[in-house]
Structures are given as C-alpha cells and as structure tokens.
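Q: Contents of my_file19.txt (compact mmCIF, C-alpha atoms) are below:
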```txt
# COMPACT_ATOMS: atom_id res chain seq x y z
CA MET A 49 129.99 97.81 103.19
CA VAL A 50 127.46 96.15 105.46
CA GLN A 51 125.83 99.53 106.05
CA LEU A 52 125.55 100.09 102.30
CA ILE A 53 123.81 96.75 101.74
CA VAL A 54 121.42 97.41 104.64
CA PHE A 55 120.76 100.86 103.21
CA LEU A 56 119.95 99.53 99.74
CA ILE A 57 117.57 96.85 101.05
CA LEU A 58 115.81 99.28 103.36
CA ALA A 59 115.59 101.91 100.60
CA ALA A 60 113.82 99.37 98.40
CA VAL A 61 111.37 98.58 101.23
CA CYS A 62 110.87 102.31 101.85
CA VAL A 63 110.09 103.20 98.23
CA GLY A 64 108.00 100.04 97.83
CA SER A 65 105.85 100.83 100.84
CA ALA A 66 105.40 104.43 99.66
CA ILE A 67 104.20 103.20 96.25
CA GLY A 68 102.01 100.64 98.00
CA MET A 69 100.41 103.42 100.03
CA LEU A 70 99.79 105.36 96.83
CA THR A 71 98.16 102.51 94.92
CA SER A 72 96.21 100.57 97.56
CA LYS A 73 92.44 100.82 97.19
CA ASN A 74 91.71 100.21 100.86
CA ALA A 75 92.59 103.13 103.14
CA VAL A 76 93.48 100.78 106.02
CA TYR A 77 96.13 99.09 103.86
CA ALA A 78 97.44 102.51 102.89
CA ALA A 79 97.80 103.44 106.58
CA LEU A 80 99.63 100.17 107.34
CA PHE A 81 102.02 100.73 104.40
CA LEU A 82 102.70 104.19 105.78
CA VAL A 83 103.49 102.72 109.24
CA LEU A 84 106.04 100.41 107.57
CA ASN A 85 107.51 103.40 105.76
CA PHE A 86 107.86 105.36 109.01
CA VAL A 87 109.56 102.46 110.80
CA VAL A 88 112.06 102.09 107.96
CA ILE A 89 112.79 105.82 108.12
CA ALA A 90 113.37 105.44 111.88
CA VAL A 91 116.03 102.83 111.08
CA PHE A 92 117.63 105.33 108.66
CA TYR A 93 117.73 107.86 111.51
CA LEU A 94 119.58 105.30 113.63
CA MET A 95 122.07 104.77 110.79
CA LEU A 96 122.54 108.55 110.57
CA GLY A 97 123.43 108.87 114.25
CA ALA A 98 120.12 110.28 115.49
CA PRO A 99 118.81 107.77 118.08
CA PHE A 100 116.61 110.35 119.84
CA ILE A 101 114.91 111.39 116.58
CA ALA A 102 114.46 107.71 115.68
CA MET A 103 112.63 107.03 118.94
CA VAL A 104 110.48 110.15 118.52
CA GLN A 105 109.69 108.97 114.98
CA ILE A 106 108.48 105.61 116.29
CA THR A 107 106.41 106.98 119.18
CA VAL A 108 104.97 110.13 117.57
CA TYR A 109 104.65 109.18 113.90
CA ALA A 110 104.25 105.40 113.77
CA GLY A 111 102.42 105.46 117.10
CA ALA A 112 100.29 108.50 117.80
CA ILE A 113 99.70 110.02 114.36
CA MET A 114 98.95 106.72 112.63
CA VAL A 115 96.56 105.67 115.43
CA LEU A 116 94.75 108.97 114.84
CA PHE A 117 94.61 108.19 111.11
CA MET A 118 93.22 104.68 111.75
CA PHE A 119 90.69 106.14 114.14
CA VAL A 120 89.38 108.58 111.54
CA ILE A 121 89.39 105.92 108.79
CA MET A 122 87.21 103.70 110.98
CA LEU A 123 84.98 106.62 112.02
CA VAL A 124 84.40 107.89 108.48
CA GLY A 125 84.28 104.47 106.85
CA ALA A 126 86.93 105.47 104.35
CA GLU A 127 88.04 101.87 103.78
CA MET A 128 84.91 101.40 101.67
CA PHE A 129 85.48 104.60 99.70
CA GLN A 130 85.43 104.03 95.95
CA GLU A 131 87.25 106.52 93.77
CA ALA A 132 85.10 107.19 90.75
CA GLY A 133 86.84 108.08 87.50
CA GLY A 134 84.21 110.59 86.43
CA LEU A 135 84.87 113.67 84.39
CA ASN A 136 88.35 114.26 85.75
CA SER A 137 89.85 110.93 84.69
CA TRP A 138 92.36 112.78 82.48
CA GLN A 139 93.94 114.09 85.70
CA ARG A 140 95.49 110.72 86.55
CA PRO A 141 97.89 110.25 83.62
CA VAL A 142 98.86 113.92 83.83
CA ALA A 143 99.55 113.56 87.58
CA LEU A 144 101.68 110.47 87.00
CA LEU A 145 103.61 112.18 84.21
CA MET A 146 104.27 115.29 86.28
CA GLY A 147 105.30 113.26 89.34
CA PHE A 148 107.68 111.14 87.29
CA GLY A 149 109.15 114.22 85.64
CA LEU A 150 109.71 115.88 89.03
CA MET A 151 111.43 112.73 90.30
CA VAL A 152 113.76 112.52 87.30
CA VAL A 153 114.68 116.21 87.51
CA THR A 154 115.38 116.25 91.27
CA VAL A 155 117.31 112.98 91.32
CA LEU A 156 119.42 114.03 88.33
CA MET A 157 120.12 117.41 89.92
CA ILE A 158 121.21 115.90 93.24
CA ALA A 159 123.21 113.09 91.63
CA THR A 160 125.18 115.47 89.43
CA SER A 161 125.84 118.15 92.06
CA ALA A 162 126.49 116.20 95.28
CA SER A 163 129.83 114.59 95.98
CA PRO A 164 129.52 110.84 96.55
CA ALA A 165 132.27 110.85 99.18
CA PRO A 166 131.32 109.33 102.54
CA PRO A 167 131.09 111.89 105.36
CA ARG A 168 134.03 112.50 107.61
CA ASP A 169 134.26 110.37 110.73
CA LEU A 170 133.08 112.14 113.83
CA GLY A 171 135.62 110.26 115.94
CA VAL A 172 135.32 109.79 119.67
CA SER A 173 132.18 111.91 120.03
CA ALA A 174 130.30 109.74 117.51
CA MET A 175 128.63 107.75 120.28
CA GLU A 176 127.32 110.88 121.98
CA PHE A 177 126.22 112.65 118.78
CA GLY A 178 122.43 112.90 118.69
CA SER A 179 121.94 111.38 122.14
CA PRO A 180 118.96 112.65 124.17
CA ALA A 181 121.28 114.51 126.54
CA GLN A 182 122.94 116.46 123.71
CA ILE A 183 119.62 117.17 121.98
CA GLY A 184 118.20 118.45 125.25
CA GLU A 185 121.18 120.69 125.85
CA VAL A 186 120.89 122.34 122.42
CA LEU A 187 117.08 122.49 122.62
CA TYR A 188 117.00 124.25 125.99
CA THR A 189 119.81 126.72 125.27
CA ASN A 190 119.72 127.81 121.61
CA TYR A 191 116.12 126.92 120.78
CA ILE A 192 114.21 127.74 123.96
CA PHE A 193 111.97 130.37 122.32
CA PRO A 194 110.77 128.15 119.43
CA PHE A 195 110.27 125.39 121.97
CA GLU A 196 107.89 127.56 123.99
CA LEU A 197 106.11 128.69 120.80
CA ILE A 198 105.59 125.05 119.81
CA SER A 199 103.84 124.38 123.11
CA PHE A 200 101.37 127.18 122.32
CA LEU A 201 100.85 125.76 118.83
CA LEU A 202 100.01 122.35 120.28
CA LEU A 203 97.57 123.92 122.73
CA ALA A 204 95.90 125.85 119.89
CA ALA A 205 95.68 122.67 117.78
CA MET A 206 94.14 120.76 120.67
CA VAL A 207 91.50 123.42 121.32
CA GLY A 208 90.87 123.79 117.57
CA ALA A 209 90.31 120.06 117.08
CA VAL A 210 87.83 119.97 119.96
CA ILE A 211 85.95 123.04 118.65
CA LEU A 212 85.84 121.72 115.06
CA THR A 213 84.42 118.33 115.96
CA LYS A 214 81.91 119.59 118.51
CA THR A 215 78.38 118.58 117.48
CA GLU A 216 76.00 121.10 115.99
CA ARG A 217 73.20 120.36 118.45
CA LYS A 218 75.02 121.87 121.36
CA LYS A 219 75.94 124.97 119.37
CA ARG A 220 72.29 125.56 118.52
CA ARG A 221 71.32 125.24 122.14
CA VAL A 222 73.90 127.84 123.10
CA LEU A 223 72.60 130.17 120.36
CA ARG A 224 69.04 129.71 121.56
CA SER A 225 69.94 130.48 125.13
CA LEU A 226 71.77 133.60 123.96
CA ARG A 227 68.71 134.69 121.97
CA ASN A 228 66.41 134.11 124.94
CA LYS A 229 68.63 136.25 127.06
CA ASN A 230 68.28 139.13 124.60
CA MET R 72 132.07 102.38 105.61
CA LEU R 73 129.40 104.99 106.18
CA VAL R 74 126.68 105.51 103.57
CA PRO R 75 127.28 108.75 101.61
CA THR R 76 124.97 111.63 102.42
CA SER R 77 123.96 112.01 98.76
CA TYR R 78 122.35 108.56 98.80
CA PHE R 79 120.08 109.63 101.63
CA VAL R 80 119.25 112.90 99.86
CA ILE R 81 118.36 111.04 96.65
CA LEU R 82 116.12 108.65 98.62
CA SER R 83 114.50 111.65 100.27
CA ALA R 84 113.87 113.25 96.87
CA VAL R 85 112.28 110.04 95.57
CA LEU R 86 110.01 109.78 98.63
CA PHE R 87 109.05 113.45 98.29
CA THR R 88 108.05 113.06 94.65
CA ILE R 89 106.02 109.93 95.48
CA GLY R 90 104.18 111.97 98.12
CA ALA R 91 103.61 114.86 95.69
CA THR R 92 102.29 112.42 93.07
CA GLY R 93 99.95 111.01 95.71
CA VAL R 94 98.49 114.45 96.38
CA LEU R 95 97.81 114.88 92.66
CA PHE R 96 96.73 111.28 92.06
CA ARG R 97 94.27 110.33 94.80
CA LYS R 98 90.83 111.69 95.63
CA ASN R 99 90.36 110.21 99.08
CA ALA R 100 91.03 113.10 101.47
CA ILE R 101 92.59 110.84 104.13
CA ILE R 102 95.10 109.34 101.67
CA LEU R 103 95.89 112.88 100.52
CA PHE R 104 96.83 113.64 104.12
CA MET R 105 98.99 110.54 104.32
CA SER R 106 100.84 111.70 101.19
CA VAL R 107 101.54 115.04 102.87
CA GLU R 108 102.95 113.15 105.87
CA LEU R 109 105.18 111.19 103.49
CA MET R 110 106.52 114.45 102.03
CA LEU R 111 107.24 115.82 105.53
CA ASN R 112 109.11 112.63 106.37
CA ALA R 113 111.19 112.89 103.22
CA ALA R 114 112.21 116.43 104.18
CA ASN R 115 113.05 115.22 107.70
CA LEU R 116 115.29 112.49 106.29
CA ALA R 117 117.23 115.06 104.25
CA LEU R 118 117.60 117.30 107.34
CA VAL R 119 118.99 114.47 109.48
CA ALA R 120 121.37 113.42 106.67
CA PHE R 121 122.75 116.97 106.42
CA SER R 122 122.95 117.15 110.21
CA ARG R 123 125.41 114.24 110.12
CA GLU R 124 127.25 115.67 107.11
CA PHE R 125 128.05 118.91 108.92
CA GLY R 126 128.41 117.39 112.37
CA THR R 127 125.94 119.74 114.08
CA LEU R 128 122.71 118.98 115.90
CA ASP R 129 120.64 121.86 114.47
CA GLY R 130 119.18 119.68 111.72
CA GLN R 131 117.92 117.18 114.26
CA ILE R 132 116.34 119.97 116.33
CA PHE R 133 114.57 121.14 113.16
CA VAL R 134 113.25 117.62 112.60
CA PHE R 135 111.92 117.66 116.15
CA PHE R 136 110.02 120.88 115.43
CA VAL R 137 108.73 119.61 112.09
CA MET R 138 107.35 116.50 113.82
CA THR R 139 105.56 118.66 116.40
CA VAL R 140 104.01 120.88 113.74
CA ALA R 141 103.01 117.77 111.76
CA ALA R 142 101.23 116.37 114.82
CA ALA R 143 99.28 119.64 115.23
CA GLU R 144 98.50 119.72 111.50
CA VAL R 145 97.20 116.14 111.51
CA ALA R 146 94.96 116.81 114.51
CA ILE R 147 93.39 119.86 112.83
CA GLY R 148 93.23 118.28 109.38
CA LEU R 149 91.53 115.12 110.55
CA ALA R 150 89.07 117.19 112.59
CA LEU R 151 88.26 119.10 109.39
CA ILE R 152 87.78 115.85 107.46
CA VAL R 153 85.43 114.50 110.15
CA THR R 154 83.42 117.75 110.04
CA ILE R 155 83.22 117.69 106.23
CA PHE R 156 82.15 114.05 106.30
CA ARG R 157 79.43 114.87 108.83
CA ASN R 158 78.04 117.64 106.64
CA ARG R 159 78.37 116.07 103.18
CA ALA R 160 78.67 112.29 103.82
CA SER R 161 81.66 112.17 101.46
CA ILE R 162 85.42 112.63 101.66
CA ASP R 163 86.01 112.79 97.91
CA VAL R 164 87.95 116.00 97.34
CA ASP R 165 86.19 116.44 93.97
CA ASP R 166 82.85 116.72 95.77
CA ILE R 167 83.97 119.74 97.75
CA HIS R 168 83.47 122.44 95.13
CA SER R 169 80.89 124.80 96.67
CA LEU R 170 83.32 127.71 96.37
CA LYS R 171 84.00 127.05 92.69
CA GLY R 172 83.10 130.06 90.54
```
Using structure tokens, write down the structure from this file.

A:
Amino acid sequence: MVQLIVFLILAAVCVGSAIGMLTSKNAVYAALFLVLNFVVIAVFYLMLGAPFIAMVQITVYAGAIMVLFMFVIMLVGAEMFQEAGGLNSWQRPVALLMGFGLMVVTVLMIATSASPAPPRDLGVSAMEFGSPAQIGEVLYTNYIFPFELISFLLLAAMVGAVILTKTERKKRRVLRSLRNKN
Amino acid sequence: MLVPTSYFVILSAVLFTIGATGVLFRKNAIILFMSVELMLNAANLALVAFSREFGTLDGQIFVFFVMTVAAAEVAIGLALIVTIFRNRASIDVDDIHSLKG
C-alpha cells in the first residue's frame, strides 16, 4: 500500500516534469526538468528491484549526459533561443492532437490487455535480484560479445565527436600542406 | 504490496508519448534531443518493469546497453548541433532546409 502511494506521487512528479520540459521557454529550465525526471525514474528502478541500473541512471544520465547538455546549451546560447511561429504555426495544434491521440490509444491498449495483478514474490533471492554482482555475472557470461561491441561503439562516438567539432582552420591548413606536397 | 507491472508500463507509455509530442512540437534542436532522451528512458522503464515481472535479469542488461548507446548518440548529436550552430548561427530545425527539393 505504501509502495502504491509512493508510486502515484512519483508518477505525478515524473509526468509533470516531462510536461514542464516540453513547455518551458528557457532551455536551461528544460534541462533541469529533465534531470528531475531522470532522478524520479531512478527511484522507480529501485522500486522495481534494479539498484545497479538505478545507480547507472543517476551517474550516466542525470550526471554525465545532462552535464553535456548544459555545456552545449551554454556554448550555443540556446537559453535565449526564441521559437518563432512563422509559416508553420499550424504544426503545433496538429502535433498536440497527434500526441494526445497516441497517448490515449497506447494507454487504452495496455490498460485493457494487461492483467492488474501484482507480480509474484521473488522470495529469498529478492535481495540479490539486480545486484551489481548478479548483473556482472550475466553481463560477462551471456552478453560478452555485445559488451565488447559497445566498447567499440563508444570509441567510435568519441573519435566522431572530436572530428565533428574540430575547427575548420586546422583542416584548411592540412589541405594546403597536402596541396603543397603535390 | 508490490506495484503491478501494468502501472509501470502505462507510465512508460505516457512518458513516451510526451517525448514523441516534444519531437513534433518544439523547434529548438537541443530540446528535440532531450525529448528523444525522454523516449529512451520510457522504454528503459518498461524493460525494467518486465524484467521484474518475469524474474530474469536480461531486461536490465538491455537497459544497460540502451544507456550506453544513448550516451554515444548524445555525444555525436550534440557535436552535430555545435557544428551546425557554427556554420549557420541558428539551431532552429526549420532553418535547416538546404536539402529541401
């Protein structure tokens, strides 16, 4: 019963912060609303018996990714960005209508098809379920190949980000030196 | 009493649709990216909920991988936004229409 009350309060905060992110004019406020949303979702992970995922959520999402977002907002000056209505102002009501329709359809579908019964109790192993030790065991036995692939993906992303944001001036100098060589 | 899995899945669906509406609704490229992150989080929440429902850890491993891919995607995406801003001095997605026929 206590869990249900906590869930309902946190769900309200979660949806509220998501809508706040959507409607806030200032991009910095939007980022802070999103941080709140991520922290609330981390609490949901704790309720669902996933302490490791909850900690990763806090450190990676609410920490690293949102700091990167704030960094770019400050760099680009997006907090001053004004969204002009312009020619495409008809898009907004249509977008709201379609989003609301999608929400109604998906929620109705899930509510009518899923059984509202609480999940079966995991018993004695409930304390160990989702612990870092268990996650590590599964990750390094069944999922070792995807794990190695992911490391390559992160390396490629790191190199790609550096290449993309490299300044033009240096590129030109390299081109010139190549031309001189020919 | 544990919270039923369907409640978490419904919450995840609501968050996903809010994120999808954000992608359609906003023009600021950075807020568009934040909406995509919100959608990824909603999917993660559903995966963890089903992981508890079936009593296996595979859903949580998937969430771990999704988070890693999201981190890579954000790094590349924000680098693209910075490059576009440097070239065009704007991050309005309606301004980026050079390829429009």

Q: Figure out the distance between CA of Leu82 in chain A and CA of Asp165 in chain R, please, to one decimal in Å.

A: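 Those two atoms sit 23.7 Å apart.
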
Q: Excluding same-chain residues fewer than 3 positions from Ser106 in chain R, what lies within 8 Å of it counting all atoms listed in the file, as number ranges by chain?

A: A: 70; R: 89-91, 93-94, 102-103, 109-110

Q: Considering only C-alpha atoms, give me a table of residues in chain R that are at most 8 Å from chain A, with the closest atom pair and distance in Å for each, as a tab-separated table.

A:
```
residue	atom	partner	partner_atom	distance
R:Met72	CA	A:Met49	CA	5.6
R:Leu73	CA	A:Pro166	CA	6.0
R:Val74	CA	A:Leu52	CA	5.7
R:Pro75	CA	A:Pro166	CA	4.2
R:Thr76	CA	A:Pro166	CA	6.8
R:Ser77	CA	A:Ala162	CA	6.0
R:Tyr78	CA	A:Pro164	CA	7.9
R:Val80	CA	A:Ile158	CA	7.5
R:Ile81	CA	A:Val155	CA	5.8
R:Leu82	CA	A:Ala59	CA	7.0
R:Ala84	CA	A:Thr154	CA	6.5
R:Val85	CA	A:Met151	CA	6.0
R:Leu86	CA	A:Val63	CA	6.6
R:Thr88	CA	A:Met151	CA	5.5
R:Ile89	CA	A:Ala66	CA	6.9
R:Gly90	CA	A:Ala66	CA	7.8
R:Ala91	CA	A:Gly147	CA	6.8
R:Thr92	CA	A:Gly147	CA	4.9
R:Gly93	CA	A:Leu70	CA	5.8
R:Leu95	CA	A:Ala143	CA	5.5
R:Phe96	CA	A:Arg140	CA	5.7
R:Arg97	CA	A:Leu70	CA	7.7
R:Lys98	CA	A:Glu131	CA	6.6
R:Asn99	CA	A:Glu131	CA	7.2
R:Ile101	CA	A:Ile121	CA	7.5
R:Ile102	CA	A:Ala75	CA	6.9
R:Met105	CA	A:Leu82	CA	7.5
R:Ser106	CA	A:Leu70	CA	7.8
R:Leu109	CA	A:Leu82	CA	7.8
R:Asn112	CA	A:Phe86	CA	7.8
R:Leu116	CA	A:Ile89	CA	7.4
R:Val119	CA	A:Leu96	CA	7.0
R:Ala120	CA	A:Leu96	CA	6.3
R:Arg123	CA	A:Leu96	CA	6.4
R:Glu124	CA	A:Pro167	CA	5.7
R:Gly126	CA	A:Leu170	CA	7.2
R:Leu128	CA	A:Gly178	CA	6.7
R:Asp129	CA	A:Val186	CA	8.0
R:Gln131	CA	A:Ile101	CA	6.9
R:Ile132	CA	A:Leu187	CA	6.8
R:Val134	CA	A:Ile101	CA	7.6
R:Phe135	CA	A:Ile101	CA	7.0
R:Phe136	CA	A:Ile198	CA	7.5
R:Met138	CA	A:Val108	CA	7.8
R:Thr139	CA	A:Ile198	CA	7.2
R:Val140	CA	A:Ile198	CA	7.5
R:Ala142	CA	A:Ile113	CA	6.5
R:Ala143	CA	A:Ala205	CA	5.4
R:Glu144	CA	A:Ala205	CA	7.5
R:Val145	CA	A:Ile113	CA	7.2
R:Ala146	CA	A:Ala209	CA	6.2
R:Ile147	CA	A:Ala209	CA	5.3
R:Leu149	CA	A:Val120	CA	7.0
R:Ala150	CA	A:Ala209	CA	5.5
R:Leu151	CA	A:Leu212	CA	6.7
R:Val153	CA	A:Val124	CA	6.9
R:Thr154	CA	A:Thr213	CA	6.0
R:Phe156	CA	A:Val124	CA	6.9
R:Ile162	CA	A:Ala126	CA	7.8
R:Asp163	CA	A:Glu131	CA	7.6
```

Q: Which of these residues is nearest to Asp166 in chain R, using all atoms listed in the file: R:Ala100, R:Phe125, R:Ala141, R:Ser83?

A: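 Of all the options, R:Ala100 lies closest to Asp166 in chain R.
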
Q: To one decimal place in Å, what is the distance between CA of Ala113 in chain R and CA of Phe87 in chain R?

A: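 One can read the CA of Ala113 in chain R to CA of Phe87 in chain R distance as 5.4 Å.
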
Q: Find the axis-aligned box for range 83-101 of chain R, covering all its listed atoms and adding 8 Å on each side, and write its centre and edge lengths in Å to one decimal as lines of an AutoDock Vina configuration file.

A:
```
center_x = 102.4
center_y = 112.3
center_z = 98.1
size_x = 40.1
size_y = 21.1
size_z = 28.1
```

Q: Rounded to one decimal, what separation in Å do you get between CA of Asn115 in chain R and CA of Val61 in chain A?

A: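 For CA of Asn115 in chain R relative to CA of Val61 in chain A, the distance reads 17.9 Å.
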
Q: Start from the incomplete input, build N, CA and C atoms for range 76-106 of chain R, and deliver everything as a PDB file, in the coordinates of the input.

A:
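File selection.pdb, as written:
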```pdb
ATOM      1  N   THR R  76     126.136 110.796 102.160  1.00  0.00           N
ATOM      2  CA  THR R  76     124.970 111.630 102.420  1.00  0.00           C
ATOM      3  C   THR R  76     124.098 111.771 101.170  1.00  0.00           C
ATOM      4  N   SER R  77     124.738 111.786  99.981  1.00  0.00           N
ATOM      5  CA  SER R  77     123.960 112.010  98.760  1.00  0.00           C
ATOM      6  C   SER R  77     122.972 110.882  98.518  1.00  0.00           C
ATOM      7  N   TYR R  78     123.299 109.664  98.964  1.00  0.00           N
ATOM      8  CA  TYR R  78     122.350 108.560  98.800  1.00  0.00           C
ATOM      9  C   TYR R  78     121.070 108.841  99.572  1.00  0.00           C
ATOM     10  N   PHE R  79     121.261 109.329 100.811  1.00  0.00           N
ATOM     11  CA  PHE R  79     120.080 109.630 101.630  1.00  0.00           C
ATOM     12  C   PHE R  79     119.268 110.766 101.008  1.00  0.00           C
ATOM     13  N   VAL R  80     119.968 111.762 100.445  1.00  0.00           N
ATOM     14  CA  VAL R  80     119.250 112.900  99.860  1.00  0.00           C
ATOM     15  C   VAL R  80     118.480 112.450  98.626  1.00  0.00           C
ATOM     16  N   ILE R  81     119.077 111.539  97.839  1.00  0.00           N
ATOM     17  CA  ILE R  81     118.360 111.040  96.650  1.00  0.00           C
ATOM     18  C   ILE R  81     117.131 110.248  97.080  1.00  0.00           C
ATOM     19  N   LEU R  82     117.282 109.403  98.113  1.00  0.00           N
ATOM     20  CA  LEU R  82     116.120 108.650  98.620  1.00  0.00           C
ATOM     21  C   LEU R  82     115.042 109.604  99.095  1.00  0.00           C
ATOM     22  N   SER R  83     115.465 110.665  99.781  1.00  0.00           N
ATOM     23  CA  SER R  83     114.500 111.650 100.270  1.00  0.00           C
ATOM     24  C   SER R  83     113.778 112.327  99.119  1.00  0.00           C
ATOM     25  N   ALA R  84     114.504 112.628  98.031  1.00  0.00           N
ATOM     26  CA  ALA R  84     113.870 113.250  96.870  1.00  0.00           C
ATOM     27  C   ALA R  84     112.853 112.310  96.242  1.00  0.00           C
ATOM     28  N   VAL R  85     113.204 111.018  96.156  1.00  0.00           N
ATOM     29  CA  VAL R  85     112.280 110.040  95.570  1.00  0.00           C
ATOM     30  C   VAL R  85     111.008 109.939  96.407  1.00  0.00           C
ATOM     31  N   LEU R  86     111.176 109.866  97.751  1.00  0.00           N
ATOM     32  CA  LEU R  86     110.010 109.780  98.630  1.00  0.00           C
ATOM     33  C   LEU R  86     109.153 111.035  98.503  1.00  0.00           C
ATOM     34  N   PHE R  87     109.807 112.193  98.401  1.00  0.00           N
ATOM     35  CA  PHE R  87     109.050 113.450  98.290  1.00  0.00           C
ATOM     36  C   PHE R  87     108.219 113.469  97.018  1.00  0.00           C
ATOM     37  N   THR R  88     108.814 113.027  95.905  1.00  0.00           N
ATOM     38  CA  THR R  88     108.050 113.060  94.650  1.00  0.00           C
ATOM     39  C   THR R  88     106.915 112.040  94.677  1.00  0.00           C
ATOM     40  N   ILE R  89     107.122 110.889  95.362  1.00  0.00           N
ATOM     41  CA  ILE R  89     106.020 109.930  95.480  1.00  0.00           C
ATOM     42  C   ILE R  89     104.870 110.563  96.264  1.00  0.00           C
ATOM     43  N   GLY R  90     105.222 111.293  97.343  1.00  0.00           N
ATOM     44  CA  GLY R  90     104.180 111.970  98.120  1.00  0.00           C
ATOM     45  C   GLY R  90     103.463 113.026  97.297  1.00  0.00           C
ATOM     46  N   ALA R  91     104.227 113.803  96.514  1.00  0.00           N
ATOM     47  CA  ALA R  91     103.610 114.860  95.690  1.00  0.00           C
ATOM     48  C   ALA R  91     102.701 114.240  94.645  1.00  0.00           C
ATOM     49  N   THR R  92     103.144 113.115  94.040  1.00  0.00           N
ATOM     50  CA  THR R  92     102.290 112.420  93.070  1.00  0.00           C
ATOM     51  C   THR R  92     101.006 111.935  93.740  1.00  0.00           C
ATOM     52  N   GLY R  93     101.139 111.473  94.999  1.00  0.00           N
ATOM     53  CA  GLY R  93      99.950 111.010  95.710  1.00  0.00           C
ATOM     54  C   GLY R  93      98.930 112.114  95.901  1.00  0.00           C
ATOM     55  N   VAL R  94      99.420 113.330  96.201  1.00  0.00           N
ATOM     56  CA  VAL R  94      98.490 114.450  96.380  1.00  0.00           C
ATOM     57  C   VAL R  94      97.762 114.743  95.082  1.00  0.00           C
ATOM     58  N   LEU R  95      98.458 114.614  93.942  1.00  0.00           N
ATOM     59  CA  LEU R  95      97.810 114.880  92.660  1.00  0.00           C
ATOM     60  C   LEU R  95      96.918 113.718  92.213  1.00  0.00           C
ATOM     61  N   PHE R  96      97.246 112.510  92.656  1.00  0.00           N
ATOM     62  CA  PHE R  96      96.730 111.280  92.060  1.00  0.00           C
ATOM     63  C   PHE R  96      95.449 110.802  92.730  1.00  0.00           C
ATOM     64  N   ARG R  97      95.384 110.927  94.065  1.00  0.00           N
ATOM     65  CA  ARG R  97      94.270 110.330  94.800  1.00  0.00           C
ATOM     66  C   ARG R  97      93.161 111.340  95.055  1.00  0.00           C
ATOM     67  N   LYS R  98      91.959 110.812  95.329  1.00  0.00           N
ATOM     68  CA  LYS R  98      90.830 111.690  95.630  1.00  0.00           C
ATOM     69  C   LYS R  98      90.318 111.515  97.042  1.00  0.00           C
ATOM     70  N   ASN R  99      90.747 110.443  97.695  1.00  0.00           N
ATOM     71  CA  ASN R  99      90.360 110.210  99.080  1.00  0.00           C
ATOM     72  C   ASN R  99      91.120 111.190  99.973  1.00  0.00           C
ATOM     73  N   ALA R 100      90.390 112.029 100.717  1.00  0.00           N
ATOM     74  CA  ALA R 100      91.030 113.100 101.470  1.00  0.00           C
ATOM     75  C   ALA R 100      92.005 112.552 102.516  1.00  0.00           C
ATOM     76  N   ILE R 101      91.709 111.384 103.090  1.00  0.00           N
ATOM     77  CA  ILE R 101      92.590 110.840 104.130  1.00  0.00           C
ATOM     78  C   ILE R 101      93.916 110.393 103.518  1.00  0.00           C
ATOM     79  N   ILE R 102      93.857 109.773 102.314  1.00  0.00           N
ATOM     80  CA  ILE R 102      95.100 109.340 101.670  1.00  0.00           C
ATOM     81  C   ILE R 102      95.897 110.552 101.196  1.00  0.00           C
ATOM     82  N   LEU R 103      95.198 111.623 100.841  1.00  0.00           N
ATOM     83  CA  LEU R 103      95.890 112.880 100.520  1.00  0.00           C
ATOM     84  C   LEU R 103      96.725 113.336 101.723  1.00  0.00           C
ATOM     85  N   PHE R 104      96.117 113.250 102.907  1.00  0.00           N
ATOM     86  CA  PHE R 104      96.830 113.640 104.120  1.00  0.00           C
ATOM     87  C   PHE R 104      98.039 112.758 104.372  1.00  0.00           C
ATOM     88  N   MET R 105      97.872 111.453 104.130  1.00  0.00           N
ATOM     89  CA  MET R 105      98.990 110.540 104.320  1.00  0.00           C
ATOM     90  C   MET R 105     100.138 110.894 103.368  1.00  0.00           C
ATOM     91  N   SER R 106      99.800 111.311 102.141  1.00  0.00           N
ATOM     92  CA  SER R 106     100.840 111.700 101.190  1.00  0.00           C
ATOM     93  C   SER R 106     101.599 112.926 101.696  1.00  0.00           C
TER      94      SER R 106
END
```
